[in-house]
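A.B. asks: The structure that follows is given in the form of structure tokens.
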Amino acid sequence: MTLLFSLLVAVGIGAVALSLVHGDLATIRYYPWLCLWLSLGFGLGISSMSLFIWSVLLYPSAGYILAELCLVVALAVPLIYRVTTKPLAAPSQTPPGASLRSGRLSPLQIFFYVLLISSLLSFAFLFTAGPHGVWDAWAVWNLRARFIFLGGEHWLDGFSGALRWSHPDYPLLLPALVARAWIYTGQNSVVAPALVATLFTFATLGLLVSSLGIFRGKTQGLIAGIVFMGTPFFFEHGASQQADIPIGFYILATLVLVCLAEHRPSGKNSWMILAGAMAGFSAWTKNEGLLFLTSVFAVRLAITAVTKGRTGGASQWLFFPLGLLPMLVTVSYLKLWLAPFEDPLLTQGWQAIAKLGNLSRYLQVWQAFQWEPGSFRNWVVPLALAFYALLMGKSAESKERQAVGTAAGALLLVLIGYFLVYVVTPWDLDWYVKTSQARLLMQLWPSIVFGFFLIVRAPDEAAGMTRQQSFPGFGRS
Amino acid sequence: MNRLPFLSKLAVILVVFCALLANLDLLLDKSTTFDPNLWGRDRITMSESRYERIKKALPRHGTVGYISNLKAEDIRFDPGFGEYYLAQYALAPLVVIYSSDQPLVIGNFRGSARVLPAGAAQLVLVKDFGKGVILFRREMK
């Protein structure tokens with residue numbers, strides 16, 4: 001129960017913070033599911049960072065719970081004031097969620113729920129087979145969580161140079177969240193990290209389905225969700241309690257919010273602040289997040305330069321760094337002061353330059369990239385997706401064209417970044433590629449599915465239906 | 001869906017069917033290998049139970065040494081280093097250093113061998129906690 005309470009507090013923080021940042025409460029009411037998943041990610045990110053800041057200023061203790069509850073109240077007061085002084089306008093059309101709640105279930109919805117139950121069951125089986133997760137989960141993430149929770153005033157021992165093998169400089173979103181759950185429950189059970197893993201895994205699914213429901217219609221959202229659940233490796237990896245699924249969630253959330261800023265220009269600046277925050281949380285989850293947020297920003301700047309700001313999207317990108325700033329400061333503090341960055345990848349100097357000139361390394365990585373899809377466990381779904389794209393064709397929807405370009409460009413840049421990291425890695429290349437490539441691709445998989453279903457024509461579009469027909473209210477702008 | 005062109009309908013059916021097969025394959029795989037008797041018998045839980053008794057004899061914070069008769073020649077996947085990482089996980093928030101050069105040293109011995117590694121001659125046995133877990137004290141000269 002205490003564990004669920006800790007979750008509710010995090011979601012509460014996220015929901016209130018999202019409402020305060022976004023401001024347009026009517027929009028939030030129109031998109032309840034999307035906002036639920038965004039609030040979850042936002043709240044978990046804020047809670048994780050708050051615990052870290054609390055620990056640096058004082059030290060990890062049960063007193064943090066009271067501080068967090070005070071934070072909820074402090075955030076809720078201005079929101080309540082705003083709601084009571086400025087009542088929300090009644091929606092002129094049926095809210096978007098209405099079609100989900102009323103009437104019989106469609107065959108697609110039935111398939112979706114069958115797969116959801118099946119995925120939850122598989123997840124439970126995976127958890128019981130390995131309650132502590134895989135190697136990196138306990139040797140890196142949960143070990144750091146133990147130092148935070150059990151260390152008391154000595155929690156910084158977890159960043160000792162003697163533990164270099166466990167990467168003390170890795171970002172702390174996941175360890176801090178697990179430690180936070182343990183602080184709430186008062187014991188370091190295996191349930192807390194498993195619950196955090198479950199939340200991020202299924203929140204990614206929820207975010208994918210709800211966002212595509214808004215951009216391309218409910219049918220397309222459900223199909224994307226079904227396809228996503230047809231990637232067993234995603235659930236196996238989710239249950240392994242590593243940080244790749246949480247970072248995948250924040251990458252997807254960033255791209256969804258960038259699309260939303262274009263889709264609903266009325267609140268674009270606040271969506272961009274939130275997009276920046278989500279990108280920041282990706283960097284607070286894993287080092288790859290730094291590569292991602294740089295890629296998003298670079299691609300967007302390039303698009304703006306090419307279009308010469310014709311679509312007026314340049315100004316909103318000033319708000320992106322605003323949302324990013326708190327996380328960037330926190331990550332910098334961790335990496336520059338608390339656990340100085342000693343990654344051999346970056347400290348190898350000229351050897352890296354020499355490797356960049358070695359063509360055989362490029363070939364070796366390229367071959368591994370081609371081989372890798374097989375290790376997603378079941379590659380029949382991506383093959384089916386290729387047929388799907390062939391038969392459905394390209395969507396004529398052009399509303400989020402720049403955002404789709406940003407998403408595709410950023411993902412491509414991140415892939416190129418991963419490729420180059422492999423080329424210059426100081427570790428044994430063969431071993432490094434084999435042990436990490438599938439999970440690196442898994443970080444991007446939710447966003448790849450999202451981008452795919454944004455680009456490919458939706459069944460509703462093929463049938464000549466508008467989104468208003470498919471979803472009363474979704475087409476509002 | 002009724003007004004969908006045939007090819008579009010085919011595309012949806014194909015993709016849903018493939019996803020269904022892949023997902024149910026995972027469920028079938030995991031449910032058939034599931035054994036409730038194995039709960040709590042995974043490698044990490046078993047390792048934690050080995051160190052449960054020695055934890056009470058150790059300080060709550062600080063550093064302790066670690067020695068083992070298991071070889072440690074490679075990173076991560078060598079059984080010796082794997083055991084060391086498991087010891088660190090079980091004993092956190094103590095920092096466990098793979099060295100005998102500490103006032104207190106934990107010995108992790110598998111099998112019947114109790115041969116101390118080179119450089120560990122100054123170690124004095126404090127207590128044998130069973131299951132191959134031994135606490136040593138380093139004699140200061």
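Simple scheme: letters A, B, ... for chains in structure tokens order, numbers from 1 for residues in each chain, numbers from 1 for ligands in the order shown.
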Need the shell around B:Lys55: protein/DNA/RNA residues with any atom at most 10 Å away, counting only C-alpha atoms. Skip same-chain ones fewer than 4 positions apart. Format as a PyMOL selection string?
C.D. replies: chain B and resi 48+50-51+59-60+90-92+94
A.B. asks: Okay, now the selection with C-alpha atoms, as a short mmCIF file (atom, residue, chain, number, x, y, z; two decimals), in the first residue's frame?
C.D. replies:
```
data_model
loop_
_atom_site.label_atom_id
_atom_site.label_comp_id
_atom_site.auth_asym_id
_atom_site.auth_seq_id
_atom_site.Cartn_x
_atom_site.Cartn_y
_atom_site.Cartn_z
CA GLU B 48 22.59 -12.52 -0.16
CA ARG B 50 25.29 -16.51 2.25
CA TYR B 51 26.41 -13.10 3.54
CA PRO B 59 30.70 -2.27 10.61
CA ARG B 60 27.72 -0.52 9.04
CA ALA B 90 24.89 -8.08 -0.62
CA LEU B 91 27.05 -6.00 1.74
CA ALA B 92 26.19 -2.44 0.56
CA LEU B 94 29.83 -1.18 2.93
#
```
A.B. asks: Would you kindly report the residues of chain A within 8 Å of chain B, using only C-alpha atoms, as a PDB file with N, CA and C atoms, in the first residue's frame?
C.D. replies:
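After the write, out36.pdb holds the following:
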```pdb
ATOM      1  N   PHE A 111      -8.416  -7.196 -29.329  1.00  0.00           N
ATOM      2  CA  PHE A 111      -7.039  -7.683 -29.532  1.00  0.00           C
ATOM      3  C   PHE A 111      -6.073  -6.936 -28.620  1.00  0.00           C
ATOM      4  N   LEU A 115      -3.780  -8.687 -25.722  1.00  0.00           N
ATOM      5  CA  LEU A 115      -2.315  -8.573 -25.717  1.00  0.00           C
ATOM      6  C   LEU A 115      -1.815  -7.874 -24.460  1.00  0.00           C
ATOM      7  N   SER A 118      -1.888 -10.440 -21.751  1.00  0.00           N
ATOM      8  CA  SER A 118      -0.805 -11.386 -22.023  1.00  0.00           C
ATOM      9  C   SER A 118       0.553 -10.781 -21.656  1.00  0.00           C
ATOM     10  N   SER A 119       0.745  -9.510 -22.005  1.00  0.00           N
ATOM     11  CA  SER A 119       2.025  -8.843 -21.709  1.00  0.00           C
ATOM     12  C   SER A 119       2.231  -8.708 -20.205  1.00  0.00           C
ATOM     13  N   LEU A 121       0.998 -10.640 -17.905  1.00  0.00           N
ATOM     14  CA  LEU A 121       1.293 -11.981 -17.373  1.00  0.00           C
ATOM     15  C   LEU A 121       2.746 -12.360 -17.646  1.00  0.00           C
ATOM     16  N   SER A 122       3.185 -12.104 -18.891  1.00  0.00           N
ATOM     17  CA  SER A 122       4.581 -12.410 -19.245  1.00  0.00           C
ATOM     18  C   SER A 122       5.533 -11.643 -18.334  1.00  0.00           C
ATOM     19  N   PHE A 125       5.740 -13.291 -14.994  1.00  0.00           N
ATOM     20  CA  PHE A 125       6.571 -14.508 -15.066  1.00  0.00           C
ATOM     21  C   PHE A 125       8.060 -14.139 -15.116  1.00  0.00           C
ATOM     22  N   LEU A 126       8.360 -13.119 -15.915  1.00  0.00           N
ATOM     23  CA  LEU A 126       9.762 -12.687 -16.038  1.00  0.00           C
ATOM     24  C   LEU A 126      10.288 -12.188 -14.701  1.00  0.00           C
ATOM     25  N   THR A 128       9.249 -13.050 -11.659  1.00  0.00           N
ATOM     26  CA  THR A 128       9.442 -14.135 -10.691  1.00  0.00           C
ATOM     27  C   THR A 128      10.688 -14.960 -11.029  1.00  0.00           C
ATOM     28  N   ALA A 129      11.037 -15.011 -12.323  1.00  0.00           N
ATOM     29  CA  ALA A 129      12.238 -15.769 -12.713  1.00  0.00           C
ATOM     30  C   ALA A 129      13.515 -15.026 -12.330  1.00  0.00           C
ATOM     31  N   GLY A 130      13.467 -13.703 -12.299  1.00  0.00           N
ATOM     32  CA  GLY A 130      14.660 -12.915 -11.945  1.00  0.00           C
ATOM     33  C   GLY A 130      14.271 -11.678 -11.162  1.00  0.00           C
ATOM     34  N   PRO A 131      13.918 -11.826  -9.888  1.00  0.00           N
ATOM     35  CA  PRO A 131      13.389 -10.678  -9.123  1.00  0.00           C
ATOM     36  C   PRO A 131      14.381  -9.527  -8.950  1.00  0.00           C
ATOM     37  N   HIS A 132      15.669  -9.805  -9.049  1.00  0.00           N
ATOM     38  CA  HIS A 132      16.661  -8.734  -8.899  1.00  0.00           C
ATOM     39  C   HIS A 132      17.062  -8.134 -10.242  1.00  0.00           C
ATOM     40  N   TRP A 138      21.282  -5.002 -10.997  1.00  0.00           N
ATOM     41  CA  TRP A 138      21.710  -5.064  -9.588  1.00  0.00           C
ATOM     42  C   TRP A 138      23.131  -4.555  -9.375  1.00  0.00           C
ATOM     43  N   ALA A 139      24.024  -4.777 -10.363  1.00  0.00           N
ATOM     44  CA  ALA A 139      25.426  -4.384 -10.170  1.00  0.00           C
ATOM     45  C   ALA A 139      25.652  -2.884 -10.379  1.00  0.00           C
ATOM     46  N   LEU A 143      22.384  -1.322  -6.987  1.00  0.00           N
ATOM     47  CA  LEU A 143      23.485  -1.171  -6.017  1.00  0.00           C
ATOM     48  C   LEU A 143      23.549   0.290  -5.553  1.00  0.00           C
ATOM     49  N   ARG A 146      20.817   1.067  -3.216  1.00  0.00           N
ATOM     50  CA  ARG A 146      21.088   0.558  -1.864  1.00  0.00           C
ATOM     51  C   ARG A 146      21.959   1.537  -1.086  1.00  0.00           C
ATOM     52  N   PHE A 147      22.965   2.100  -1.761  1.00  0.00           N
ATOM     53  CA  PHE A 147      23.826   3.077  -1.083  1.00  0.00           C
ATOM     54  C   PHE A 147      23.011   4.298  -0.647  1.00  0.00           C
ATOM     55  N   LEU A 150      20.382   2.780   2.202  1.00  0.00           N
ATOM     56  CA  LEU A 150      20.985   2.218   3.424  1.00  0.00           C
ATOM     57  C   LEU A 150      22.148   3.054   3.955  1.00  0.00           C
ATOM     58  N   GLY A 151      22.682   3.932   3.107  1.00  0.00           N
ATOM     59  CA  GLY A 151      23.914   4.636   3.469  1.00  0.00           C
ATOM     60  C   GLY A 151      23.748   5.717   4.519  1.00  0.00           C
ATOM     61  N   HIS A 154      26.325   8.358   5.124  1.00  0.00           N
ATOM     62  CA  HIS A 154      27.467   7.875   4.324  1.00  0.00           C
ATOM     63  C   HIS A 154      27.048   7.462   2.910  1.00  0.00           C
ATOM     64  N   TRP A 155      25.921   7.993   2.421  1.00  0.00           N
ATOM     65  CA  TRP A 155      25.405   7.541   1.125  1.00  0.00           C
ATOM     66  C   TRP A 155      26.379   7.827  -0.014  1.00  0.00           C
ATOM     67  N   ASP A 157      29.372   7.154  -0.113  1.00  0.00           N
ATOM     68  CA  ASP A 157      30.321   6.039  -0.287  1.00  0.00           C
ATOM     69  C   ASP A 157      30.046   5.296  -1.599  1.00  0.00           C
ATOM     70  N   GLY A 158      28.814   5.348  -2.033  1.00  0.00           N
ATOM     71  CA  GLY A 158      28.417   4.674  -3.275  1.00  0.00           C
ATOM     72  C   GLY A 158      29.074   5.260  -4.512  1.00  0.00           C
ATOM     73  N   SER A 160      32.299   6.060  -4.463  1.00  0.00           N
ATOM     74  CA  SER A 160      33.722   5.863  -4.216  1.00  0.00           C
ATOM     75  C   SER A 160      34.454   5.382  -5.480  1.00  0.00           C
ATOM     76  N   ALA A 162      36.631   3.268  -5.543  1.00  0.00           N
ATOM     77  CA  ALA A 162      36.839   1.818  -5.449  1.00  0.00           C
ATOM     78  C   ALA A 162      35.749   1.055  -6.194  1.00  0.00           C
ATOM     79  N   LEU A 163      34.638   1.747  -6.468  1.00  0.00           N
ATOM     80  CA  LEU A 163      33.517   1.081  -7.157  1.00  0.00           C
ATOM     81  C   LEU A 163      33.449   1.503  -8.625  1.00  0.00           C
ATOM     82  N   ILE A 223      -3.415   0.096 -33.287  1.00  0.00           N
ATOM     83  CA  ILE A 223      -2.544  -0.773 -34.095  1.00  0.00           C
ATOM     84  C   ILE A 223      -1.091  -0.614 -33.651  1.00  0.00           C
ATOM     85  N   ILE A 226      -0.631  -2.514 -30.495  1.00  0.00           N
ATOM     86  CA  ILE A 226      -0.608  -3.963 -30.745  1.00  0.00           C
ATOM     87  C   ILE A 226       0.761  -4.379 -31.303  1.00  0.00           C
ATOM     88  N   VAL A 227       1.244  -3.584 -32.257  1.00  0.00           N
ATOM     89  CA  VAL A 227       2.568  -3.867 -32.837  1.00  0.00           C
ATOM     90  C   VAL A 227       3.642  -3.814 -31.759  1.00  0.00           C
ATOM     91  N   PHE A 228       3.514  -2.804 -30.916  1.00  0.00           N
ATOM     92  CA  PHE A 228       4.497  -2.617 -29.854  1.00  0.00           C
ATOM     93  C   PHE A 228       4.509  -3.816 -28.902  1.00  0.00           C
ATOM     94  N   MET A 229       3.328  -4.323 -28.599  1.00  0.00           N
ATOM     95  CA  MET A 229       3.252  -5.488 -27.706  1.00  0.00           C
ATOM     96  C   MET A 229       3.700  -6.763 -28.411  1.00  0.00           C
ATOM     97  N   GLY A 230       3.865  -6.677 -29.726  1.00  0.00           N
ATOM     98  CA  GLY A 230       4.385  -7.811 -30.486  1.00  0.00           C
ATOM     99  C   GLY A 230       5.907  -7.806 -30.528  1.00  0.00           C
ATOM    100  N   THR A 231       6.528  -6.984 -29.693  1.00  0.00           N
ATOM    101  CA  THR A 231       7.998  -6.983 -29.587  1.00  0.00           C
ATOM    102  C   THR A 231       8.366  -7.571 -28.229  1.00  0.00           C
ATOM    103  N   PRO A 232       8.448  -8.881 -28.122  1.00  0.00           N
ATOM    104  CA  PRO A 232       8.685  -9.510 -26.806  1.00  0.00           C
ATOM    105  C   PRO A 232       9.926  -8.984 -26.104  1.00  0.00           C
ATOM    106  N   ASN A 378      11.947 -11.558 -31.894  1.00  0.00           N
ATOM    107  CA  ASN A 378      10.999 -11.944 -32.917  1.00  0.00           C
ATOM    108  C   ASN A 378      10.916 -10.825 -33.936  1.00  0.00           C
ATOM    109  N   VAL A 380       9.434 -10.941 -36.818  1.00  0.00           N
ATOM    110  CA  VAL A 380       8.344 -11.100 -37.767  1.00  0.00           C
ATOM    111  C   VAL A 380       7.478  -9.835 -37.800  1.00  0.00           C
ATOM    112  N   VAL A 381       7.362  -9.159 -36.649  1.00  0.00           N
ATOM    113  CA  VAL A 381       6.530  -7.962 -36.597  1.00  0.00           C
ATOM    114  C   VAL A 381       7.120  -6.823 -37.437  1.00  0.00           C
ATOM    115  N   ALA A 384       6.311  -7.515 -40.896  1.00  0.00           N
ATOM    116  CA  ALA A 384       4.895  -7.226 -41.160  1.00  0.00           C
ATOM    117  C   ALA A 384       4.684  -5.718 -41.290  1.00  0.00           C
ATOM    118  N   LEU A 385       5.455  -4.964 -40.510  1.00  0.00           N
ATOM    119  CA  LEU A 385       5.352  -3.497 -40.588  1.00  0.00           C
ATOM    120  C   LEU A 385       5.755  -2.995 -41.965  1.00  0.00           C
ATOM    121  N   PHE A 387       5.376  -4.571 -44.773  1.00  0.00           N
ATOM    122  CA  PHE A 387       4.226  -4.836 -45.647  1.00  0.00           C
ATOM    123  C   PHE A 387       3.114  -3.818 -45.387  1.00  0.00           C
ATOM    124  N   TYR A 388       2.929  -3.508 -44.108  1.00  0.00           N
ATOM    125  CA  TYR A 388       1.885  -2.560 -43.707  1.00  0.00           C
ATOM    126  C   TYR A 388       2.124  -1.207 -44.381  1.00  0.00           C
ATOM    127  N   LEU A 391       1.396  -1.438 -48.118  1.00  0.00           N
ATOM    128  CA  LEU A 391      -0.019  -1.513 -48.482  1.00  0.00           C
ATOM    129  C   LEU A 391      -0.789  -0.244 -48.121  1.00  0.00           C
ATOM    130  N   MET A 392      -0.404   0.403 -47.030  1.00  0.00           N
ATOM    131  CA  MET A 392      -1.162   1.574 -46.576  1.00  0.00           C
ATOM    132  C   MET A 392      -0.708   2.861 -47.263  1.00  0.00           C
ATOM    133  N   PRO A 459      -5.661   3.712 -41.005  1.00  0.00           N
ATOM    134  CA  PRO A 459      -6.829   3.074 -41.610  1.00  0.00           C
ATOM    135  C   PRO A 459      -8.011   4.041 -41.778  1.00  0.00           C
ATOM    136  N   ASP A 460      -8.205   4.928 -40.801  1.00  0.00           N
ATOM    137  CA  ASP A 460      -9.293   5.903 -40.899  1.00  0.00           C
ATOM    138  C   ASP A 460      -9.117   6.796 -42.125  1.00  0.00           C
ATOM    139  N   ALA A 462      -7.413   5.961 -44.813  1.00  0.00           N
ATOM    140  CA  ALA A 462      -7.605   5.130 -46.002  1.00  0.00           C
ATOM    141  C   ALA A 462      -9.087   4.963 -46.309  1.00  0.00           C
ATOM    142  N   ALA A 463      -9.891   4.936 -45.252  1.00  0.00           N
ATOM    143  CA  ALA A 463     -11.333   4.755 -45.446  1.00  0.00           C
ATOM    144  C   ALA A 463     -12.018   6.077 -45.751  1.00  0.00           C
TER     145      ALA A 463
END
```
A.B. asks: Please extract the residues of stretch 21-135 of chain B with a backbone DSSP assignment of alpha helix (DSSP H) and present them as a ChimeraX atom specification.
C.D. replies: /B:21-32,43-55,79-91
A.B. asks: Could you save those same residues with N, CA, C and O atoms as a compact mmCIF listing (two decimals), in the first residue's frame?
C.D. replies:
```txt
# COMPACT_ATOMS: atom_id res chain seq x y z
N LEU B 21 0.90 -13.34 -32.51
CA LEU B 21 1.73 -14.56 -32.47
C LEU B 21 2.99 -14.33 -31.63
O LEU B 21 3.33 -15.14 -30.77
N ALA B 22 3.66 -13.20 -31.89
CA ALA B 22 4.91 -12.91 -31.18
C ALA B 22 4.67 -12.75 -29.69
O ALA B 22 5.44 -13.25 -28.87
N ASN B 23 3.60 -12.05 -29.34
CA ASN B 23 3.32 -11.80 -27.93
C ASN B 23 2.93 -13.08 -27.20
O ASN B 23 3.41 -13.36 -26.10
N LEU B 24 2.06 -13.87 -27.83
CA LEU B 24 1.62 -15.11 -27.18
C LEU B 24 2.76 -16.13 -27.09
O LEU B 24 2.79 -16.95 -26.18
N ASP B 25 3.68 -16.05 -28.04
CA ASP B 25 4.86 -16.92 -27.99
C ASP B 25 5.67 -16.65 -26.72
O ASP B 25 6.14 -17.57 -26.05
N LEU B 26 5.80 -15.36 -26.40
CA LEU B 26 6.54 -14.98 -25.18
C LEU B 26 5.80 -15.52 -23.94
O LEU B 26 6.42 -16.09 -23.04
N LEU B 27 4.48 -15.33 -23.93
CA LEU B 27 3.70 -15.79 -22.78
C LEU B 27 3.83 -17.30 -22.60
O LEU B 27 4.04 -17.80 -21.48
N LEU B 28 3.73 -18.01 -23.73
CA LEU B 28 3.83 -19.48 -23.68
C LEU B 28 5.20 -19.90 -23.17
O LEU B 28 5.33 -20.77 -22.30
N ASP B 29 6.22 -19.24 -23.69
CA ASP B 29 7.60 -19.55 -23.31
C ASP B 29 7.81 -19.34 -21.81
O ASP B 29 8.34 -20.20 -21.11
N LYS B 30 7.37 -18.19 -21.31
CA LYS B 30 7.62 -17.86 -19.90
C LYS B 30 6.73 -18.65 -18.95
O LYS B 30 7.14 -18.96 -17.83
N SER B 31 5.51 -18.95 -19.39
CA SER B 31 4.61 -19.68 -18.49
C SER B 31 5.02 -21.15 -18.37
O SER B 31 4.88 -21.76 -17.30
N THR B 32 5.55 -21.73 -19.46
CA THR B 32 5.94 -23.14 -19.39
C THR B 32 7.22 -23.35 -18.60
O THR B 32 7.44 -24.41 -18.03
N ARG B 43 20.28 -16.58 -8.27
CA ARG B 43 21.68 -16.45 -7.87
C ARG B 43 21.90 -15.32 -6.85
O ARG B 43 22.66 -15.46 -5.90
N ILE B 44 21.20 -14.21 -7.05
CA ILE B 44 21.45 -13.05 -6.19
C ILE B 44 20.86 -13.27 -4.79
O ILE B 44 21.51 -12.98 -3.79
N THR B 45 19.65 -13.78 -4.74
CA THR B 45 19.02 -14.04 -3.44
C THR B 45 19.84 -15.06 -2.65
O THR B 45 20.04 -14.91 -1.44
N MET B 46 20.31 -16.10 -3.35
CA MET B 46 21.12 -17.13 -2.68
C MET B 46 22.43 -16.51 -2.14
O MET B 46 22.85 -16.82 -1.03
N SER B 47 23.02 -15.63 -2.96
CA SER B 47 24.26 -14.98 -2.53
C SER B 47 24.02 -14.11 -1.30
O SER B 47 24.81 -14.11 -0.36
N GLU B 48 22.91 -13.39 -1.30
CA GLU B 48 22.59 -12.52 -0.16
C GLU B 48 22.44 -13.35 1.12
O GLU B 48 22.86 -12.92 2.19
N SER B 49 21.83 -14.52 0.99
CA SER B 49 21.63 -15.35 2.19
C SER B 49 22.98 -15.87 2.71
O SER B 49 23.15 -16.07 3.91
N ARG B 50 23.95 -16.07 1.82
CA ARG B 50 25.29 -16.51 2.25
C ARG B 50 25.95 -15.45 3.14
O ARG B 50 26.68 -15.78 4.08
N TYR B 51 25.73 -14.17 2.80
CA TYR B 51 26.41 -13.10 3.54
C TYR B 51 25.58 -12.55 4.71
O TYR B 51 26.03 -11.63 5.39
N GLU B 52 24.41 -13.11 4.90
CA GLU B 52 23.50 -12.59 5.94
C GLU B 52 24.16 -12.59 7.32
O GLU B 52 24.07 -11.60 8.06
N ARG B 53 24.83 -13.67 7.67
CA ARG B 53 25.40 -13.79 9.03
C ARG B 53 26.62 -12.90 9.23
O ARG B 53 26.79 -12.30 10.29
N ILE B 54 27.46 -12.82 8.22
CA ILE B 54 28.69 -12.02 8.38
C ILE B 54 28.38 -10.52 8.48
O ILE B 54 29.13 -9.76 9.10
N LYS B 55 27.25 -10.12 7.90
CA LYS B 55 26.88 -8.70 7.92
C LYS B 55 26.81 -8.17 9.36
O LYS B 55 27.18 -7.03 9.63
N PRO B 79 33.83 -15.96 -13.28
CA PRO B 79 33.11 -16.36 -12.07
C PRO B 79 33.64 -15.67 -10.82
O PRO B 79 32.90 -15.34 -9.92
N GLY B 80 34.95 -15.43 -10.79
CA GLY B 80 35.54 -14.78 -9.63
C GLY B 80 35.04 -13.37 -9.43
O GLY B 80 34.61 -12.99 -8.34
N PHE B 81 35.05 -12.60 -10.50
CA PHE B 81 34.59 -11.23 -10.38
C PHE B 81 33.09 -11.16 -10.18
O PHE B 81 32.58 -10.28 -9.46
N GLY B 82 32.38 -12.08 -10.81
CA GLY B 82 30.93 -12.14 -10.61
C GLY B 82 30.61 -12.31 -9.14
O GLY B 82 29.75 -11.63 -8.59
N GLU B 83 31.36 -13.19 -8.47
CA GLU B 83 31.16 -13.44 -7.04
C GLU B 83 31.48 -12.19 -6.23
O GLU B 83 30.82 -11.89 -5.24
N TYR B 84 32.51 -11.47 -6.65
CA TYR B 84 32.90 -10.24 -5.94
C TYR B 84 31.80 -9.19 -6.03
O TYR B 84 31.43 -8.55 -5.05
N TYR B 85 31.23 -9.04 -7.25
CA TYR B 85 30.15 -8.08 -7.43
C TYR B 85 28.94 -8.47 -6.58
O TYR B 85 28.26 -7.61 -6.01
N LEU B 86 28.68 -9.77 -6.52
CA LEU B 86 27.55 -10.24 -5.71
C LEU B 86 27.78 -9.93 -4.23
O LEU B 86 26.86 -9.54 -3.51
N ALA B 87 29.05 -10.07 -3.80
CA ALA B 87 29.38 -9.75 -2.41
C ALA B 87 29.16 -8.26 -2.13
O ALA B 87 28.60 -7.89 -1.10
N GLN B 88 29.59 -7.42 -3.07
CA GLN B 88 29.40 -5.97 -2.91
C GLN B 88 27.91 -5.64 -2.82
O GLN B 88 27.49 -4.85 -1.98
N TYR B 89 27.13 -6.27 -3.68
CA TYR B 89 25.68 -6.00 -3.68
C TYR B 89 25.05 -6.43 -2.35
O TYR B 89 24.22 -5.71 -1.79
N ALA B 90 25.48 -7.56 -1.86
CA ALA B 90 24.89 -8.08 -0.62
C ALA B 90 25.31 -7.24 0.59
O ALA B 90 24.53 -7.11 1.54
N LEU B 91 26.52 -6.68 0.55
CA LEU B 91 27.05 -6.00 1.74
C LEU B 91 26.91 -4.47 1.70
O LEU B 91 27.30 -3.79 2.66
```
A.B. asks: Given only C-alpha atoms, how would the per-residue table for stretch 244-295 of chain A near stretch 322-340 of chain A read, listing every residue at most 6 Å away with its closest atom pair and distance in Å to one decimal, sorted by chain and number, as a Markdown table?
C.D. replies:
```
| residue | atom | partner | partner_atom | distance |
| --- | --- | --- | --- | --- |
| A:Ile273 | CA | A:Gly323 | CA | 4.3 |
| A:Leu274 | CA | A:Gly323 | CA | 5.9 |
| A:Gly276 | CA | A:Gly323 | CA | 4.4 |
| A:Ala277 | CA | A:Gly323 | CA | 4.4 |
| A:Gly280 | CA | A:Leu324 | CA | 4.8 |
```
A.B. asks: Hey, can you check how far atom CA of A:His237 sits from atom CA of A:Met442?
C.D. replies: 8.3 Å
A.B. asks: Contacts of B:Ile134 at 9 Å or less, counting only C-alpha atoms, minus same-chain residues fewer than 4 places along, as a list in words?
C.D. replies: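 Near B:Ile134, the qualifying residues are Ile54, Val105, Ile106, Gly107, Asn108, Phe109, Leu125, Val126, Lys127, Asp128, Phe129 and Gly130 of chain B.
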A.B. asks: Please dump the current selection as a tab-separated table (two decimals), in the first residue's frame; keep N, CA, C and O atoms.
C.D. replies:
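Below is the file that was written, again-v9.tsv:
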```
chain	number	residue	atom	x	y	z
B	54	ILE	N	27.46	-12.82	8.22
B	54	ILE	CA	28.69	-12.02	8.38
B	54	ILE	C	28.38	-10.52	8.48
B	54	ILE	O	29.13	-9.76	9.10
B	105	VAL	N	38.84	-8.34	6.34
B	105	VAL	CA	38.81	-8.92	4.99
B	105	VAL	C	37.82	-10.08	4.97
B	105	VAL	O	37.82	-10.95	5.86
B	106	ILE	N	36.96	-10.08	3.95
B	106	ILE	CA	35.99	-11.17	3.80
B	106	ILE	C	36.58	-12.21	2.86
B	106	ILE	O	37.07	-11.87	1.77
B	107	GLY	N	36.51	-13.44	3.27
B	107	GLY	CA	36.96	-14.53	2.41
B	107	GLY	C	35.75	-15.24	1.82
B	107	GLY	O	34.82	-15.58	2.53
B	108	ASN	N	35.79	-15.42	0.52
B	108	ASN	CA	34.69	-16.12	-0.15
B	108	ASN	C	35.29	-17.35	-0.83
B	108	ASN	O	35.98	-17.23	-1.84
B	109	PHE	N	35.04	-18.51	-0.25
B	109	PHE	CA	35.67	-19.73	-0.77
B	109	PHE	C	34.61	-20.72	-1.23
B	109	PHE	O	33.67	-21.02	-0.50
B	125	LEU	N	42.34	-15.50	11.03
B	125	LEU	CA	40.93	-15.88	10.96
B	125	LEU	C	40.18	-15.33	12.18
B	125	LEU	O	40.60	-15.51	13.32
B	126	VAL	N	39.09	-14.65	11.93
B	126	VAL	CA	38.25	-14.13	13.02
B	126	VAL	C	37.10	-15.10	13.26
B	126	VAL	O	36.85	-15.55	14.38
B	127	LYS	N	36.39	-15.45	12.18
B	127	LYS	CA	35.28	-16.38	12.34
B	127	LYS	C	34.89	-17.00	10.99
B	127	LYS	O	34.92	-16.30	9.96
B	128	ASP	N	34.56	-18.26	11.03
B	128	ASP	CA	34.05	-18.95	9.84
B	128	ASP	C	32.52	-18.96	9.93
B	128	ASP	O	31.95	-19.54	10.85
B	129	PHE	N	31.87	-18.28	9.01
B	129	PHE	CA	30.40	-18.16	9.06
B	129	PHE	C	29.70	-19.26	8.27
B	129	PHE	O	28.48	-19.24	8.12
B	130	GLY	N	30.46	-20.20	7.77
B	130	GLY	CA	29.87	-21.29	7.00
B	130	GLY	C	29.58	-20.90	5.57
B	130	GLY	O	29.71	-19.73	5.20
```
